[in-house]
$ cat my_file33.cif   # mmCIF, C-alpha atoms
data_run
loop_
_atom_site.label_atom_id
_atom_site.label_comp_id
_atom_site.auth_asym_id
_atom_site.auth_seq_id
_atom_site.Cartn_x
_atom_site.Cartn_y
_atom_site.Cartn_z
CA MET A 1 24.09 -249.98 -85.89
CA SER A 2 21.41 -247.70 -87.35
CA LEU A 3 17.95 -246.86 -86.05
CA ASN A 4 16.46 -249.12 -88.74
CA ASP A 5 18.22 -252.13 -87.18
CA LEU A 6 16.52 -251.55 -83.84
CA THR A 7 13.26 -253.21 -82.85
CA PHE A 8 10.30 -251.29 -81.47
CA ARG A 9 11.16 -252.31 -77.92
CA GLU A 10 14.80 -251.26 -78.33
CA LYS A 11 13.77 -247.88 -79.71
CA SER A 12 11.24 -247.56 -76.90
CA ALA A 13 13.96 -248.32 -74.32
CA LEU A 14 16.22 -245.67 -75.90
CA ILE A 15 13.42 -243.07 -75.72
CA HIS A 16 12.89 -243.92 -72.05
CA VAL A 17 16.64 -243.54 -71.37
CA LEU A 18 16.76 -240.23 -73.26
CA ALA A 19 13.67 -238.80 -71.52
CA LEU A 20 14.92 -239.97 -68.10
CA ALA A 21 18.41 -238.54 -68.76
CA ILE A 22 16.86 -235.14 -69.60
CA LEU A 23 14.73 -235.42 -66.46
CA LEU A 24 17.83 -236.23 -64.38
CA ILE A 25 19.87 -233.34 -65.83
CA PHE A 26 16.95 -230.93 -65.31
CA THR A 27 16.51 -232.10 -61.71
CA LEU A 28 20.23 -231.83 -60.97
CA SER A 29 20.27 -228.32 -62.42
CA ILE A 30 17.42 -227.38 -60.05
CA ILE A 31 19.22 -228.58 -56.95
CA TRP A 32 22.73 -227.54 -58.06
CA PRO A 33 22.53 -223.95 -56.64
CA PHE A 34 21.53 -225.42 -53.28
CA PHE A 35 24.74 -227.43 -53.07
CA SER A 36 27.04 -224.88 -54.66
CA GLY A 37 27.25 -222.53 -51.70
CA TYR A 38 24.27 -220.25 -52.29
CA GLU A 39 22.68 -220.95 -48.96
CA GLU A 40 19.86 -218.50 -49.49
CA VAL A 41 18.42 -220.74 -52.22
CA ILE A 42 15.40 -222.62 -50.97
CA LEU A 43 14.47 -225.80 -52.79
CA GLU A 44 10.96 -225.80 -54.12
CA VAL A 45 8.97 -228.77 -55.35
CA LYS A 46 7.23 -226.78 -58.10
CA PRO A 47 10.08 -227.12 -60.67
CA LEU A 48 9.75 -230.89 -60.33
CA TRP A 49 6.29 -230.63 -61.85
CA VAL A 50 7.78 -228.84 -64.85
CA ALA A 51 10.38 -231.62 -65.15
CA VAL A 52 7.74 -234.35 -64.93
CA ILE A 53 5.50 -232.66 -67.52
CA MET A 54 8.50 -232.28 -69.88
CA PHE A 55 9.25 -235.96 -69.35
CA ILE A 56 5.68 -237.01 -70.16
CA ILE A 57 5.65 -234.87 -73.33
CA ILE A 58 8.94 -236.37 -74.56
CA GLU A 59 7.63 -239.89 -73.82
CA ILE A 60 4.34 -239.30 -75.67
CA ILE A 61 5.95 -237.70 -78.74
CA GLY A 62 8.81 -240.22 -78.85
CA HIS A 63 6.64 -243.29 -78.47
CA SER A 64 4.02 -242.05 -80.92
CA ALA A 65 6.73 -241.53 -83.54
CA VAL A 66 8.29 -244.95 -82.93
CA ALA A 67 4.89 -246.67 -82.89
CA LEU A 68 4.07 -245.11 -86.28
CA TRP A 69 7.46 -246.24 -87.60
CA ASN A 70 7.05 -249.82 -86.31
CA SER A 71 3.26 -250.09 -86.18
CA LYS A 72 3.15 -253.90 -86.56
CA GLU A 73 5.68 -254.56 -83.80
CA ALA A 74 4.16 -251.96 -81.50
CA ASN A 75 0.91 -253.92 -81.26
CA ALA A 76 2.56 -257.33 -80.80
CA GLU A 77 2.67 -258.97 -77.40
CA ALA A 78 6.04 -259.57 -75.75
CA ASP A 79 7.37 -263.10 -76.23
CA GLU A 80 9.38 -265.18 -73.74
CA ARG A 81 12.76 -263.56 -74.59
CA GLU A 82 11.37 -260.04 -74.27
CA LYS A 83 9.69 -260.92 -70.96
CA LEU A 84 13.01 -262.31 -69.69
CA VAL A 85 14.82 -259.12 -70.75
CA VAL A 86 12.29 -257.01 -68.81
CA MET A 87 12.50 -259.31 -65.78
CA LYS A 88 16.31 -259.20 -65.64
CA SER A 89 16.35 -255.42 -66.09
CA ASN A 90 13.82 -254.97 -63.29
CA PHE A 91 16.00 -257.17 -61.11
CA TYR A 92 19.06 -254.96 -61.71
CA SER A 93 17.22 -251.66 -61.24
CA SER A 94 15.40 -252.77 -58.09
CA HIS A 95 18.72 -253.74 -56.54
CA VAL A 96 20.23 -250.36 -57.42
CA LEU A 97 17.17 -248.54 -56.05
CA GLY A 98 17.23 -250.60 -52.86
CA PHE A 99 20.97 -250.07 -52.41
CA ILE A 100 20.73 -246.28 -52.89
CA LEU A 101 17.73 -245.90 -50.58
CA ILE A 102 19.16 -248.11 -47.84
CA GLY A 103 22.44 -246.16 -48.13
CA TYR A 104 20.57 -242.86 -47.87
CA ILE A 105 18.52 -243.99 -44.88
CA SER A 106 21.66 -245.31 -43.18
CA LEU A 107 23.49 -242.01 -43.74
CA SER A 108 20.46 -240.05 -42.53
CA MET A 109 20.37 -242.14 -39.35
CA LEU A 110 24.14 -241.84 -38.91
CA PHE A 111 24.13 -238.05 -39.30
CA GLN A 112 20.80 -237.64 -37.51
CA ILE A 113 18.88 -236.12 -40.45
CA PRO A 114 15.24 -236.68 -39.58
CA PHE A 115 13.72 -236.12 -43.04
CA LEU A 116 13.82 -237.63 -46.47
CA SER A 117 14.52 -235.26 -49.36
CA ILE A 118 11.96 -235.59 -52.14
CA TYR A 119 14.69 -234.59 -54.58
CA PHE A 120 16.98 -237.37 -53.43
CA VAL A 121 14.25 -240.02 -53.64
CA PHE A 122 13.23 -238.67 -57.04
CA ILE A 123 16.81 -238.81 -58.37
CA ALA A 124 17.29 -242.33 -56.96
CA PHE A 125 14.12 -243.44 -58.74
CA VAL A 126 15.18 -241.80 -62.04
CA VAL A 127 18.65 -243.39 -61.88
CA ALA A 128 17.08 -246.80 -61.20
CA GLU A 129 14.77 -246.37 -64.19
CA ILE A 130 17.69 -245.36 -66.42
CA ILE A 131 19.41 -248.58 -65.35
CA ASN A 132 16.20 -250.51 -66.01
CA TYR A 133 15.72 -249.28 -69.59
CA GLY A 134 19.45 -249.14 -70.31
CA SER A 135 19.68 -252.81 -69.28
CA GLN A 136 16.70 -253.65 -71.48
CA PHE A 137 18.45 -252.13 -74.47
CA ILE A 138 21.79 -253.80 -73.74
CA LEU A 139 20.27 -257.23 -72.99
CA SER A 140 18.18 -257.07 -76.17
CA ARG A 141 21.22 -256.30 -78.30
CA ARG A 142 23.83 -258.42 -76.52
CA GLY A 143 21.70 -261.43 -75.64
CA VAL A 144 20.02 -262.58 -72.48
CA MET B 1 30.59 -257.93 -77.30
CA ALA B 2 27.67 -260.31 -77.88
CA LYS B 3 27.21 -262.99 -75.25
CA GLN B 4 27.04 -266.54 -76.68
CA ILE B 5 25.16 -269.33 -74.98
CA PRO B 6 26.86 -272.78 -74.90
CA ILE B 7 24.14 -274.39 -77.04
CA SER B 8 24.60 -274.35 -80.80
CA ASN B 9 21.80 -275.05 -83.26
CA ASN B 10 21.21 -275.57 -86.96
CA ILE B 11 17.86 -273.82 -87.26
CA LYS B 12 19.13 -271.60 -90.07
CA THR B 13 20.07 -274.65 -92.18
CA LEU B 14 16.78 -276.39 -91.39
CA ARG B 15 14.82 -273.30 -92.39
CA PHE B 16 16.67 -273.25 -95.70
CA LEU B 17 15.97 -276.94 -96.28
CA ASN B 18 12.27 -276.42 -95.49
CA ASP B 19 11.32 -274.39 -98.55
CA GLU B 20 13.58 -271.53 -97.49
CA MET B 21 11.34 -270.69 -94.57
CA THR B 22 11.94 -267.15 -93.32
CA GLN B 23 12.62 -266.18 -89.71
CA GLN B 24 9.29 -264.37 -89.72
CA GLU B 25 7.41 -267.49 -90.85
CA LEU B 26 9.04 -269.62 -88.17
CA ALA B 27 8.39 -266.92 -85.59
CA GLU B 28 4.69 -266.83 -86.51
CA LYS B 29 4.40 -270.63 -86.21
CA LEU B 30 5.91 -270.44 -82.72
CA GLY B 31 4.20 -267.26 -81.54
CA LEU B 32 7.53 -265.49 -81.12
CA THR B 33 9.02 -262.36 -82.65
CA ARG B 34 11.43 -262.50 -85.61
CA GLN B 35 14.09 -260.95 -83.36
CA THR B 36 13.81 -263.88 -80.95
CA ILE B 37 14.36 -266.37 -83.78
CA ALA B 38 17.38 -264.31 -84.89
CA ALA B 39 18.67 -264.30 -81.29
CA ILE B 40 18.28 -268.11 -81.04
CA GLU B 41 20.12 -268.64 -84.33
CA GLN B 42 22.93 -266.31 -83.29
CA ARG B 43 23.20 -268.09 -79.91
CA LYS B 44 22.21 -264.97 -78.00
CA TYR B 45 19.19 -266.58 -76.37
CA SER B 46 18.46 -270.04 -75.06
CA PRO B 47 14.79 -270.87 -75.80
CA SER B 48 12.53 -272.54 -73.25
CA LEU B 49 12.22 -276.33 -73.41
CA GLU B 50 8.69 -275.96 -74.77
CA ILE B 51 9.85 -273.77 -77.67
CA ALA B 52 12.78 -276.13 -78.34
CA PHE B 53 10.37 -279.09 -78.63
CA ARG B 54 8.02 -277.11 -80.85
CA ILE B 55 10.93 -276.20 -83.16
CA ALA B 56 11.84 -279.91 -83.31
CA ASN B 57 8.20 -280.75 -84.18
CA ILE B 58 8.08 -278.15 -86.95
CA PHE B 59 11.23 -279.53 -88.59
CA LYS B 60 10.28 -283.15 -87.69
CA LYS B 61 13.71 -283.82 -86.19
CA PRO B 62 14.77 -285.09 -82.76
CA LEU B 63 15.75 -282.33 -80.34
CA ASP B 64 19.42 -283.34 -80.20
CA GLU B 65 19.74 -283.02 -83.95
CA ILE B 66 18.79 -279.38 -83.73
CA PHE B 67 20.38 -278.27 -80.46
CA VAL B 68 23.88 -279.34 -79.37
CA TYR B 69 25.29 -278.55 -75.94
CA GLU B 70 28.88 -277.38 -76.27
CA GLY B 71 29.57 -276.33 -72.69
CA ARG B 72 31.85 -277.98 -70.17
CA ASP B 73 30.51 -279.61 -67.04
CA ASP B 74 33.80 -280.50 -65.36
#
$ encode --input "my_file33.cif" --output "C-alpha coordinates"
Amino acid sequence: MSLNDLTFREKSALIHVLALAILLIFTLSIIWPFFSGYEEVILEVKPLWVAVIMFIIIEIIGHSAVALWNSKEANAEADEREKLVVMKSNFYSSHVLGFILIGYISLSMLFQIPFLSIYFVFIAFVVAEIINYGSQFILSRRGV
Amino acid sequence: MAKQIPISNNIKTLRFLNDEMTQQELAEKLGLTRQTIAAIEQRKYSPSLEIAFRIANIFKKPLDEIFVYEGRDD
(Lines of atoms letter the chains of each structure in order from A and count residues from 1; the text may use other names and numbers.)
(Lines give C-alpha, C1' and ligand atoms only; values in the text may rest on other atoms or scores of the structure.)
Protein backbone atom coordinates (compact mmCIF):
# COMPACT_ATOMS: atom_id res chain seq x y z
CA MET A 1 0.00 0.00 0.00
CA SER A 2 1.53 3.30 -1.11
CA LEU A 3 0.31 6.86 -0.60
CA ASN A 4 -0.78 6.96 -4.25
CA ASP A 5 -3.27 4.14 -3.58
CA LEU A 6 -5.02 6.16 -0.88
CA THR A 7 -8.02 8.37 -1.56
CA PHE A 8 -8.23 11.98 -0.40
CA ARG A 9 -10.41 11.01 2.55
CA GLU A 10 -8.03 8.23 3.60
CA LYS A 11 -5.05 10.58 3.43
CA SER A 12 -7.06 13.18 5.33
CA ALA A 13 -7.88 10.61 8.04
CA LEU A 14 -4.18 9.69 8.31
CA ILE A 15 -3.22 13.36 8.72
CA HIS A 16 -5.83 13.72 11.47
CA VAL A 17 -4.47 10.61 13.24
CA LEU A 18 -0.88 11.86 12.91
CA ALA A 19 -1.70 15.38 14.16
CA LEU A 20 -3.79 14.00 17.04
CA ALA A 21 -1.05 11.50 17.98
CA ILE A 22 1.49 14.35 18.15
CA LEU A 23 -1.00 16.35 20.22
CA LEU A 24 -1.49 13.39 22.57
CA ILE A 25 2.26 12.78 23.00
CA PHE A 26 2.86 16.50 23.60
CA THR A 27 0.06 16.63 26.18
CA LEU A 28 1.30 13.50 27.95
CA SER A 29 4.81 14.96 28.07
CA ILE A 30 3.39 18.09 29.74
CA ILE A 31 1.62 16.17 32.48
CA TRP A 32 4.27 13.45 32.88
CA PRO A 33 6.41 15.36 35.49
CA PHE A 34 3.27 15.83 37.58
CA PHE A 35 2.75 12.08 37.85
CA SER A 36 6.40 11.07 38.09
CA GLY A 37 6.94 12.17 41.67
CA TYR A 38 7.95 15.81 41.23
CA GLU A 39 5.23 17.15 43.44
CA GLU A 40 6.40 20.73 43.17
CA VAL A 41 5.36 20.79 39.50
CA ILE A 42 2.15 22.71 39.03
CA LEU A 43 0.13 21.96 35.93
CA GLU A 44 -0.54 24.98 33.80
CA VAL A 45 -3.07 25.31 31.00
CA LYS A 46 -0.82 27.56 28.89
CA PRO A 47 1.18 24.68 27.29
CA LEU A 48 -2.12 23.28 26.02
CA TRP A 49 -2.47 26.36 23.84
CA VAL A 50 0.94 25.63 22.32
CA ALA A 51 -0.19 22.04 21.67
CA VAL A 52 -3.45 23.15 20.07
CA ILE A 53 -1.70 25.72 17.85
CA MET A 54 0.83 23.06 16.75
CA PHE A 55 -2.09 20.76 15.97
CA ILE A 56 -3.86 23.40 13.87
CA ILE A 57 -0.66 24.16 11.92
CA ILE A 58 -0.07 20.46 11.14
CA GLU A 59 -3.72 20.09 10.06
CA ILE A 60 -3.58 23.14 7.76
CA ILE A 61 -0.26 22.21 6.14
CA GLY A 62 -1.16 18.52 5.83
CA HIS A 63 -4.61 19.08 4.37
CA SER A 64 -3.41 21.79 1.99
CA ALA A 65 -0.76 19.42 0.63
CA VAL A 66 -3.21 16.53 0.26
CA ALA A 67 -5.86 18.78 -1.32
CA LEU A 68 -3.31 19.96 -3.90
CA TRP A 69 -2.34 16.34 -4.58
CA ASN A 70 -5.96 15.18 -4.97
CA SER A 71 -7.64 18.43 -6.00
CA LYS A 72 -10.55 16.77 -7.86
CA GLU A 73 -11.45 14.42 -5.00
CA ALA A 74 -11.02 17.13 -2.38
CA ASN A 75 -13.90 19.13 -3.83
CA ALA A 76 -16.23 16.17 -4.32
CA GLU A 77 -19.11 15.57 -1.94
CA ALA A 78 -19.13 12.43 0.20
CA ASP A 79 -21.24 9.61 -1.25
CA GLU A 80 -23.34 7.06 0.67
CA ARG A 81 -20.39 4.74 1.49
CA GLU A 82 -18.24 7.59 2.76
CA LYS A 83 -21.13 8.92 4.86
CA LEU A 84 -21.62 5.44 6.35
CA VAL A 85 -17.89 5.21 7.16
CA VAL A 86 -18.06 8.55 9.01
CA MET A 87 -21.26 7.55 10.81
CA LYS A 88 -19.82 4.22 12.03
CA SER A 89 -16.57 5.87 13.13
CA ASN A 90 -18.48 8.53 15.07
CA PHE A 91 -20.46 5.75 16.72
CA TYR A 92 -17.28 3.99 17.90
CA SER A 93 -15.54 7.16 19.10
CA SER A 94 -18.59 8.51 20.93
CA HIS A 95 -18.88 5.23 22.82
CA VAL A 96 -15.20 5.36 23.79
CA LEU A 97 -15.52 9.01 24.87
CA GLY A 98 -18.65 8.25 26.88
CA PHE A 99 -17.07 5.20 28.50
CA ILE A 100 -13.89 7.10 29.51
CA LEU A 101 -15.79 10.11 30.86
CA ILE A 102 -18.33 8.03 32.79
CA GLY A 103 -15.42 5.98 34.20
CA TYR A 104 -13.59 9.16 35.21
CA ILE A 105 -16.67 10.69 36.83
CA SER A 106 -17.37 7.43 38.67
CA LEU A 107 -13.79 7.26 39.97
CA SER A 108 -13.92 10.93 40.97
CA MET A 109 -17.12 10.29 42.92
CA LEU A 110 -15.70 7.12 44.45
CA PHE A 111 -12.48 8.82 45.60
CA GLN A 112 -14.24 12.10 46.42
CA ILE A 113 -12.34 14.27 43.92
CA PRO A 114 -14.54 17.32 43.46
CA PHE A 115 -13.02 18.67 40.23
CA LEU A 116 -12.57 17.64 36.65
CA SER A 117 -9.04 17.88 35.23
CA ILE A 118 -8.94 19.80 31.96
CA TYR A 119 -5.97 17.64 30.96
CA PHE A 120 -7.90 14.43 31.51
CA VAL A 121 -10.92 15.64 29.54
CA PHE A 122 -8.61 16.90 26.80
CA ILE A 123 -6.77 13.56 26.56
CA ALA A 124 -10.08 11.65 26.54
CA PHE A 125 -11.29 13.82 23.68
CA VAL A 126 -8.03 13.38 21.71
CA VAL A 127 -8.10 9.60 22.18
CA ALA A 128 -11.73 9.49 21.01
CA GLU A 129 -10.82 11.52 17.92
CA ILE A 130 -7.87 9.22 17.16
CA ILE A 131 -10.32 6.31 17.30
CA ASN A 132 -12.74 8.23 15.08
CA TYR A 133 -10.24 8.96 12.30
CA GLY A 134 -8.41 5.65 12.74
CA SER A 135 -11.75 3.86 12.26
CA GLN A 136 -12.48 5.96 9.18
CA PHE A 137 -9.20 4.88 7.64
CA ILE A 138 -9.65 1.20 8.54
CA LEU A 139 -13.31 1.06 7.43
CA SER A 140 -12.45 2.75 4.13
CA ARG A 141 -9.70 0.25 3.40
CA ARG A 142 -11.28 -2.90 4.84
CA GLY A 143 -14.88 -2.32 3.85
CA VAL A 144 -17.92 -1.11 5.71
CA MET B 1 -8.02 -8.74 6.20
CA ALA B 2 -10.73 -7.28 3.95
CA LYS B 3 -14.28 -7.89 5.08
CA GLN B 4 -16.51 -9.45 2.39
CA ILE B 5 -20.24 -8.92 2.27
CA PRO B 6 -22.41 -11.99 1.45
CA ILE B 7 -23.69 -10.47 -1.81
CA SER B 8 -21.71 -11.14 -4.97
CA ASN B 9 -22.14 -9.14 -8.17
CA ASN B 10 -21.02 -9.13 -11.78
CA ILE B 11 -20.72 -5.39 -12.27
CA LYS B 12 -17.15 -5.71 -13.53
CA THR B 13 -18.24 -8.09 -16.31
CA LEU B 14 -21.22 -5.90 -17.20
CA ARG B 15 -19.00 -2.83 -17.40
CA PHE B 16 -16.71 -4.70 -19.78
CA LEU B 17 -19.64 -5.79 -21.94
CA ASN B 18 -20.97 -2.21 -22.05
CA ASP B 19 -18.24 -0.67 -24.20
CA GLU B 20 -15.62 -1.30 -21.53
CA MET B 21 -17.17 1.28 -19.24
CA THR B 22 -14.70 2.45 -16.60
CA GLN B 23 -15.38 2.55 -12.86
CA GLN B 24 -15.16 6.34 -13.07
CA GLU B 25 -17.81 6.50 -15.80
CA LEU B 26 -20.18 4.28 -13.84
CA ALA B 27 -19.49 6.28 -10.69
CA GLU B 28 -20.35 9.53 -12.47
CA LYS B 29 -23.63 8.09 -13.78
CA LEU B 30 -24.57 7.09 -10.23
CA GLY B 31 -23.22 10.15 -8.41
CA LEU B 32 -20.78 8.02 -6.44
CA THR B 33 -16.99 8.01 -6.15
CA ARG B 34 -14.81 5.59 -8.14
CA GLN B 35 -13.66 4.10 -4.82
CA THR B 36 -17.24 3.19 -3.94
CA ILE B 37 -17.70 1.36 -7.26
CA ALA B 38 -14.41 -0.47 -6.59
CA ALA B 39 -15.63 -1.35 -3.07
CA ILE B 40 -18.94 -2.71 -4.45
CA GLU B 41 -17.13 -4.83 -7.05
CA GLN B 42 -14.72 -6.19 -4.45
CA ARG B 43 -17.64 -6.99 -2.11
CA LYS B 44 -16.42 -4.55 0.52
CA TYR B 45 -19.58 -2.48 0.49
CA SER B 46 -23.25 -3.30 0.08
CA PRO B 47 -24.92 -0.48 -1.89
CA SER B 48 -28.28 0.96 -0.93
CA LEU B 49 -31.36 -0.49 -2.64
CA GLU B 50 -31.73 2.71 -4.66
CA ILE B 51 -28.17 2.46 -6.03
CA ALA B 52 -28.67 -1.27 -6.74
CA PHE B 53 -31.79 -0.49 -8.82
CA ARG B 54 -30.01 2.33 -10.63
CA ILE B 55 -27.12 -0.01 -11.51
CA ALA B 56 -29.68 -2.51 -12.85
CA ASN B 57 -31.28 0.28 -14.94
CA ILE B 58 -27.94 1.36 -16.38
CA PHE B 59 -27.10 -2.18 -17.50
CA LYS B 60 -30.77 -2.92 -18.40
CA LYS B 61 -30.76 -6.16 -16.40
CA PRO B 62 -33.00 -7.42 -13.60
CA LEU B 63 -31.58 -6.86 -10.12
CA ASP B 64 -31.09 -10.57 -9.39
CA GLU B 65 -28.95 -10.99 -12.47
CA ILE B 66 -26.49 -8.47 -11.10
CA PHE B 67 -26.56 -9.14 -7.37
CA VAL B 68 -26.64 -12.65 -5.87
CA TYR B 69 -27.11 -13.29 -2.16
CA GLU B 70 -24.69 -15.98 -1.00
CA GLY B 71 -25.29 -15.85 2.73
CA ARG B 72 -26.96 -18.43 4.92
CA ASP B 73 -30.25 -17.75 6.66
CA ASP B 74 -30.53 -20.96 8.70
$ residues_near_point --input "my_file33.cif" --point "(12.9, -238.0, -70.9)" --cutoff "8 Å" --atoms "only C-alpha atoms" --output "VMD selection string"
chain A and resid 15 to 23 54 to 56 58 to 59
$ interface_residues --input "my_file33.cif" --of "chain B" --to "chain A" --cutoff "8 Å" --atoms "all atoms listed in the file" --output "JSON, numbers by chain"
{"B": [1, 2, 3, 4, 31, 32, 33, 35, 36, 39, 44, 45, 47]}
$ resolve_selection --input "my_file33.cif" --expression "the PyMOL selection byres ((chain B and resi 61-72) around 6)" --output "list in words"
Pro6, Ile7, Ser8, Asn9, Asn10, Ala56, Phe59, Lys60, Asp73 and Asp74 of chain B
$ atom_distance --input "my_file33.cif" --atom1 "CA of Leu97 (chain A)" --atom2 "CA of Ile30 (chain A)"
21.5 Å
$ residues_around --input "my_file33.cif" --residues "Thr13 (chain B)" --least-positions-apart "5" --cutoff "10 Å" --atoms "all atoms listed in the file" --output "PyMOL selection string"
chain B and resi 18+20-21+41+66
$ write_last_selection --input "my_file33.cif" --atoms "C-alpha atoms" --output "CSV table (one decimal), in the frame of the given file"
chain,number,residue,atom,x,y,z
B,18,ASN,CA,12.3,-276.4,-95.5
B,20,GLU,CA,13.6,-271.5,-97.5
B,21,MET,CA,11.3,-270.7,-94.6
B,41,GLU,CA,20.1,-268.6,-84.3
B,66,ILE,CA,18.8,-279.4,-83.7
$ closest_residue --input "my_file33.cif" --among "B:Arg54, B:Ile5, B:Glu25, B:Leu17" --to "Ile40 (chain B)" --atoms "only C-alpha atoms"
B:Ile5
$ atom_distance --input "my_file33.cif" --atom1 "CA of Asn70 (chain A)" --atom2 "CA of Val52 (chain A)"
26.4 Å
$ atom_distance --input "my_file33.cif" --atom1 "CA of Leu14 (chain B)" --atom2 "CA of Asp5 (chain A)"
24.7 Å
$ resolve_selection --input "my_file33.cif" --expression "the PyMOL selection byres ((chain A and resi 89) around 6)" --output "number ranges by chain"
A: 86-88, 90-92, 132, 135-136
$ residues_around --input "my_file33.cif" --residues "Phe99 (chain A)" --least-positions-apart "6" --cutoff "12 Å" --atoms "only C-alpha atoms" --output "PyMOL selection string"
chain A and resi 92-93+105-106+124-125+127-128
$ closest_residue --input "my_file33.cif" --among "A:Glu129, A:Met109, A:Pro33, A:Val45" --to "Ser94 (chain A)" --atoms "only C-alpha atoms"
A:Glu129
$ residues_around --input "my_file33.cif" --residues "Pro47 (chain A)" --least-positions-apart "3" --cutoff "12 Å" --atoms "only C-alpha atoms" --output "ChimeraX atom specification"
/A:23,26-31,42-44,50-54,119
$ decode --input "my_file33.cif" --residues "region 39-52 of chain B" --atoms "N, CA and C atoms" --output "PDB file, in the first residue's frame"
ATOM      1  N   ALA B  39     -15.257  -0.633  -4.300  1.00  0.00           N
ATOM      2  CA  ALA B  39     -15.633  -1.345  -3.069  1.00  0.00           C
ATOM      3  C   ALA B  39     -16.821  -2.281  -3.315  1.00  0.00           C
ATOM      4  N   ILE B  40     -17.782  -1.849  -4.135  1.00  0.00           N
ATOM      5  CA  ILE B  40     -18.939  -2.705  -4.455  1.00  0.00           C
ATOM      6  C   ILE B  40     -18.458  -3.933  -5.237  1.00  0.00           C
ATOM      7  N   GLU B  41     -17.616  -3.710  -6.232  1.00  0.00           N
ATOM      8  CA  GLU B  41     -17.126  -4.828  -7.052  1.00  0.00           C
ATOM      9  C   GLU B  41     -16.308  -5.831  -6.240  1.00  0.00           C
ATOM     10  N   GLN B  42     -15.552  -5.309  -5.280  1.00  0.00           N
ATOM     11  CA  GLN B  42     -14.719  -6.191  -4.447  1.00  0.00           C
ATOM     12  C   GLN B  42     -15.474  -6.746  -3.238  1.00  0.00           C
ATOM     13  N   ARG B  43     -16.775  -6.508  -3.197  1.00  0.00           N
ATOM     14  CA  ARG B  43     -17.641  -6.991  -2.109  1.00  0.00           C
ATOM     15  C   ARG B  43     -17.220  -6.448  -0.743  1.00  0.00           C
ATOM     16  N   LYS B  44     -16.781  -5.190  -0.744  1.00  0.00           N
ATOM     17  CA  LYS B  44     -16.416  -4.553   0.519  1.00  0.00           C
ATOM     18  C   LYS B  44     -17.528  -3.634   1.006  1.00  0.00           C
ATOM     19  N   TYR B  45     -18.493  -3.382   0.137  1.00  0.00           N
ATOM     20  CA  TYR B  45     -19.583  -2.480   0.493  1.00  0.00           C
ATOM     21  C   TYR B  45     -20.865  -2.929  -0.183  1.00  0.00           C
ATOM     22  N   SER B  46     -21.937  -2.943   0.597  1.00  0.00           N
ATOM     23  CA  SER B  46     -23.247  -3.304   0.083  1.00  0.00           C
ATOM     24  C   SER B  46     -23.993  -2.010  -0.259  1.00  0.00           C
ATOM     25  N   PRO B  47     -24.279  -1.758  -1.546  1.00  0.00           N
ATOM     26  CA  PRO B  47     -24.916  -0.479  -1.891  1.00  0.00           C
ATOM     27  C   PRO B  47     -26.359  -0.409  -1.396  1.00  0.00           C
ATOM     28  N   SER B  48     -26.884   0.804  -1.330  1.00  0.00           N
ATOM     29  CA  SER B  48     -28.285   0.964  -0.933  1.00  0.00           C
ATOM     30  C   SER B  48     -29.172   0.359  -2.034  1.00  0.00           C
ATOM     31  N   LEU B  49     -30.417   0.103  -1.680  1.00  0.00           N
ATOM     32  CA  LEU B  49     -31.357  -0.492  -2.644  1.00  0.00           C
ATOM     33  C   LEU B  49     -31.535   0.432  -3.856  1.00  0.00           C
ATOM     34  N   GLU B  50     -31.560   1.735  -3.575  1.00  0.00           N
ATOM     35  CA  GLU B  50     -31.725   2.708  -4.660  1.00  0.00           C
ATOM     36  C   GLU B  50     -30.562   2.606  -5.658  1.00  0.00           C
ATOM     37  N   ILE B  51     -29.349   2.556  -5.143  1.00  0.00           N
ATOM     38  CA  ILE B  51     -28.173   2.458  -6.028  1.00  0.00           C
ATOM     39  C   ILE B  51     -28.200   1.122  -6.776  1.00  0.00           C
ATOM     40  N   ALA B  52     -28.601   0.054  -6.090  1.00  0.00           N
ATOM     41  CA  ALA B  52     -28.667  -1.265  -6.740  1.00  0.00           C
ATOM     42  C   ALA B  52     -29.646  -1.214  -7.930  1.00  0.00           C
TER      43      ALA B  52
END
